[in-house]
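Report on the following structure.
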Amino acid sequence: MDNITNLLHQYILDESSGVIFDETEQLINKINDLSLLENPYCKALFSIEAAQFYLYYRRIQNSEKYIELAQDTAKLSLSLEGALGKRTKYQQENKAQLFLKIGLEKNQFPSRHCENLPKSLNLNDDVRLERIEFSEDIESTQLGAVEEAIILVKHIQLQLSQPKDKLTDEEVKPYLNAVVDNTRNWSLKIASLYHRCSLESTDKRTIERSMMQMEYLIHELKNTKVPNSIRVDMFFASGLKPVWILEQTWAHLMLHLGLVKGALDVFLNIKLWEEVITCYNLLELKHKAAEIIRQEISKKETVHLWCLLGDATQDPSHYETAWKLSNEKSSRAQRHWGLFYFAKNNYEEAKPHLKLSVELNNIQENVWIRLGFAALQTEDWKLAATAYKRYCALEQSTFEAWNNLAKAYIKLGDKPKAWKSLQDAIKCNYDRWQVWDNLMVVSIDLGHFSEVIRCYHRILDLKNHHLDVQVLDILTRAIINNIKDSDGNPAQKLLPKALELFGRISSFVRNNLHVWRMYGQLTALKKTDIGDEIAVQYLQLAHRVAVSSSKWFQQEDTIEDVLQICCLLAETYLRCASQCEVKKKRSLLASAKLSLQGVVKKVKDQDWITEKISTDLHKVEEYLNDVVNELDKIK
C-alpha cells in the first residue's frame, strides 16, 4: 500500500519528487525479499507495477529488469515479425507489415472480464484502413489481463527508450494494438487507448480520432456505471493516468489543431496556469494572463503562482518573492528564475539559479540539460560535464546531450569518457555525420584504429564526400610503423580495411597529393610485384598533383611535400625495378630519373633554401644517383 500511496502522492504534485522516488525504490527493494513473491501471479503483478513506477521517472534500465522478470514469470515471449498485408483502401499489392508474435508456455493467469468496455473509435479515413489486413490469418494467442499488462508496459518502455520518429512508431504499434484489440480489462482498455491517442497525435490522418478518443475516455473515466471493483482491477499495473492528465492531453491536442479557445477553457478548468499563459499569448492577450494570475494570488498566494506571474510579466522580482515565500526551499522558484535569464541568453546569470534548482530537486531533466548548455556556453567544462551526465542518466535517447557531454570531457582532457559518450550518442542518432566525425577524431587520439575506419565509412555513407587528411595521415603512419592499437593488436592487421577505405576516398578525391601519397605507401606494404607496380602508379599521381602548380617551388611547405614524395617514389621505383625484366626495368628507371631531375633542378635554382629543404634535397639527389647508377648497369 505504501508504494501505491507514494505513486498517488506523486501524481498530484506539479513536478517529479526525488524524495518520493527514493522512498519508493527502498520499498521495492524490501518487497523483493518478501515470501509473498514466491507466488507467480504476485511476482508478475509486482514486477509490472515496479516497471511502471520506473517508467514514470524515465528510468529505462531499471524498468527493463522488471519487464524481463514479469515475462519470465508469465512464460511470455514477444517478438516482432513480418507478414504480407494492406494498410490502405486503394492498395493493390500486399506489402510487408509488422505484427507481434506472442508465445505463452503456460496457462494464462486468471483475470476478470468487464462487460461494458470503453470503445475504440473508428478512424473513418478516406485512405487508411481501420487496421492492417493481412493476407494470411495471424495466429492469435489467448491472453489474460496480466499478460496484456506486460505487453502494454513493454510498449511504453520501447517508446521511451528509442528516438522519437516514424520508424519507432511502426515498431511499437503492434504491441499497443495487441492490447487495444483484445483486452477485456477496463483499466487496460482505457490505458491502451490513451497511449494510442498519444501515438496518433503526431499524424495528420489520425490526430482527429486521437482528440475525439481522448474526449471519450475522459467521459468514461467520469462515468460511474462501471463498478469500482472492476475499475481498480489492474489499475496500477496498467499505468492508467489520472483524469486531469487525460484532460491536459486533450487540451494540448486541441491546441495542436488550432482550437486555442477550447484548449484555454480546459486549462482554466484544471488550473494549468502555465498553459493558460501560452493560450493567452497565442490569442495576443498577454495582459489577461497576468490579470488572471493576480486574481488567483489575491485568493491564496503560492510559490507556483508568483513564478507564473514572473513568466507572464517578465519581471524577475516575482521569482524572488516566490523564493522568499518558500523559505528558500523551492526548486521551482529557482528554476523559473534561471530559465528567465536562460531565455535571454544570459547564461552567467542563469547558471547559479539552475544549479540551485537541481540541488533542491535532482529529478529535473529540462533543468539539467539547460544547465549543461549554459555551462558549455560559458566554458565551465566541469559543470557542463556534471549536468549533461545527470541529464543522460535521466534521459538516455538524446544524442545532442551525449555529444555535448563528450565535448565537455574533451575540454577536461578525459578522452576515454568522451569516446564512451560519443558511442552512446551514435546509438541515439545513427544518421548524424557530425557525431561520427567527433567519434573518429577521438578514436584516432585513443588508438581505436578499427573504429576510425568504421567511422570514416559511415561518414561517407551519410555525405558521400569527406576528407580529413590529418586523421588519414595518423592512421597511415600507425599502419606503416605497425603501432599497437588500444587493444594491443598490431595496426598492420588493418591494412586490407585501410586500402578499402582509401579506394573509396580516391574515387572522389582526384587531385589531393596526400591521399595518393598515403594510398601508395599503404599499397607498397603488400610487398608483392603487383602491389609495388600499383604503388608506383599512385605515387606518380601524387607527384603529378604536387608539381601541377606553376608556383610549387616558391613556398617552403609545398617544396617539402614534393621532396618527400620524390623520396617515396624513387624508393618504390628502385624496389619495383629490381624485380622485373630488363626492358621494363629500363622504362621504370628512366621515368624515375626524369621525375627526380626536374624537381632537383627547380629547387636548386632557388636562392632562399632552408636547412630542412637542403637536407631533403640531398636525400633526393642520393636517390637520383642510385637511379642513374642502376640505369648505367643495364645500358
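Starting from 1 in every chain, residues are counted up; chains themselves are A, B, ... following the order of the C-alpha cells, and ligands are numbered from 1 as listed.
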Test item, strand (DSSP E or B) assignment across stretch 78-214 of chain A, answer as an MDAnalysis selection string
chainID A and resid 78:88 95:104 128:134
Suppose we keep C-alpha atoms; can you now write the selection as an mmCIF file, in the first residue's frame?
data_model
loop_
_atom_site.group_PDB
_atom_site.id
_atom_site.type_symbol
_atom_site.label_atom_id
_atom_site.label_comp_id
_atom_site.auth_asym_id
_atom_site.auth_seq_id
_atom_site.Cartn_x
_atom_site.Cartn_y
_atom_site.Cartn_z
ATOM 1 C CA LEU A 78 7.218 -11.390 -27.600
ATOM 2 C CA SER A 79 8.822 -10.796 -30.991
ATOM 3 C CA LEU A 80 8.152 -8.576 -33.985
ATOM 4 C CA GLU A 81 7.727 -10.436 -37.257
ATOM 5 C CA GLY A 82 6.695 -9.531 -40.787
ATOM 6 C CA ALA A 83 3.784 -10.696 -42.918
ATOM 7 C CA LEU A 84 2.214 -9.520 -46.175
ATOM 8 C CA GLY A 85 -0.785 -7.249 -45.868
ATOM 9 C CA LYS A 86 -2.506 -3.983 -46.806
ATOM 10 C CA ARG A 87 -2.949 -0.807 -44.795
ATOM 11 C CA THR A 88 -4.748 1.460 -47.305
ATOM 12 C CA LYS A 95 3.492 -5.437 -48.712
ATOM 13 C CA ALA A 96 5.463 -6.474 -45.640
ATOM 14 C CA GLN A 97 3.808 -5.359 -42.391
ATOM 15 C CA LEU A 98 4.876 -5.814 -38.782
ATOM 16 C CA PHE A 99 2.896 -7.865 -36.297
ATOM 17 C CA LEU A 100 3.552 -9.049 -32.758
ATOM 18 C CA LYS A 101 4.130 -12.770 -32.393
ATOM 19 C CA ILE A 102 3.118 -13.886 -28.902
ATOM 20 C CA GLY A 103 4.110 -17.159 -27.292
ATOM 21 C CA LEU A 104 2.741 -18.450 -23.983
ATOM 22 C CA ARG A 128 -6.190 4.336 -44.411
ATOM 23 C CA LEU A 129 -7.838 1.111 -43.262
ATOM 24 C CA GLU A 130 -9.030 0.742 -39.674
ATOM 25 C CA ARG A 131 -6.360 -1.912 -39.133
ATOM 26 C CA ILE A 132 -3.864 -3.795 -41.277
ATOM 27 C CA GLU A 133 -5.464 -6.528 -43.410
ATOM 28 C CA PHE A 134 -3.012 -9.417 -43.531
#
Env of stretch 479-496 of chain A: 9 Å cut, atoms = only C-alpha atoms, seq-sep filter 5 positions within chain, self excluded. Answer as a count of residues only.
13
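Within 10 Å of A:Ala592, once only C-alpha atoms are used and residues closer than 5 positions along the same chain are dropped, the contacting residues are Val536, Gln540, Cys566, Leu569, Ala570, Glu571, Thr572, Tyr573, Leu574, Arg586, Ser587, Gln597, Tyr623, Leu624, Val627 and Val628 of chain A.
Minimum atom-to-atom distances from A:Pro242, A:Gly531, A:Pro174, A:Gly598 to A:Leu563 were compared using only C-alpha atoms, and the lowest value belongs to A:Gly598.
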Need to verify the contact set: stretch 29-36 of chain A, 10 Å, only C-alpha atoms, exclusion of same-chain residues closer than 4 positions in sequence. Can you return it as a short mmCIF file (atom, residue, chain, number, x, y, z; two decimals) with N, CA, C and O atoms, in the first residue's frame?
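Listing of selection02.cif after writing:
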data_model
loop_
_atom_site.label_atom_id
_atom_site.label_comp_id
_atom_site.auth_asym_id
_atom_site.auth_seq_id
_atom_site.Cartn_x
_atom_site.Cartn_y
_atom_site.Cartn_z
N ASN A 3 3.63 1.77 -1.55
CA ASN A 3 4.02 2.07 -2.93
C ASN A 3 2.92 2.83 -3.65
O ASN A 3 3.15 3.81 -4.36
N THR A 24 10.19 5.11 -2.53
CA THR A 24 9.52 4.01 -3.24
C THR A 24 10.53 2.97 -3.69
O THR A 24 10.25 1.76 -3.63
N GLU A 25 11.69 3.39 -4.12
CA GLU A 25 12.72 2.44 -4.54
C GLU A 25 13.15 1.56 -3.37
O GLU A 25 13.37 0.35 -3.53
N PRO A 40 3.68 -16.97 -8.29
CA PRO A 40 3.97 -16.43 -9.62
C PRO A 40 3.08 -15.26 -10.01
O PRO A 40 3.54 -14.29 -10.62
N TYR A 41 1.78 -15.33 -9.66
CA TYR A 41 0.87 -14.25 -10.00
C TYR A 41 1.29 -12.95 -9.31
O TYR A 41 1.37 -11.89 -9.94
N CYS A 42 1.58 -13.04 -8.01
CA CYS A 42 2.00 -11.85 -7.26
C CYS A 42 3.33 -11.32 -7.78
O CYS A 42 3.54 -10.10 -7.89
N LYS A 43 4.23 -12.22 -8.11
CA LYS A 43 5.54 -11.82 -8.61
C LYS A 43 5.41 -11.08 -9.94
O LYS A 43 6.04 -10.03 -10.15
N PHE A 46 3.65 -7.64 -9.31
CA PHE A 46 4.57 -6.71 -8.66
C PHE A 46 5.62 -6.20 -9.65
O PHE A 46 5.95 -5.00 -9.67
N SER A 47 6.14 -7.09 -10.50
CA SER A 47 7.17 -6.69 -11.48
C SER A 47 6.62 -5.67 -12.46
O SER A 47 7.31 -4.71 -12.83
#
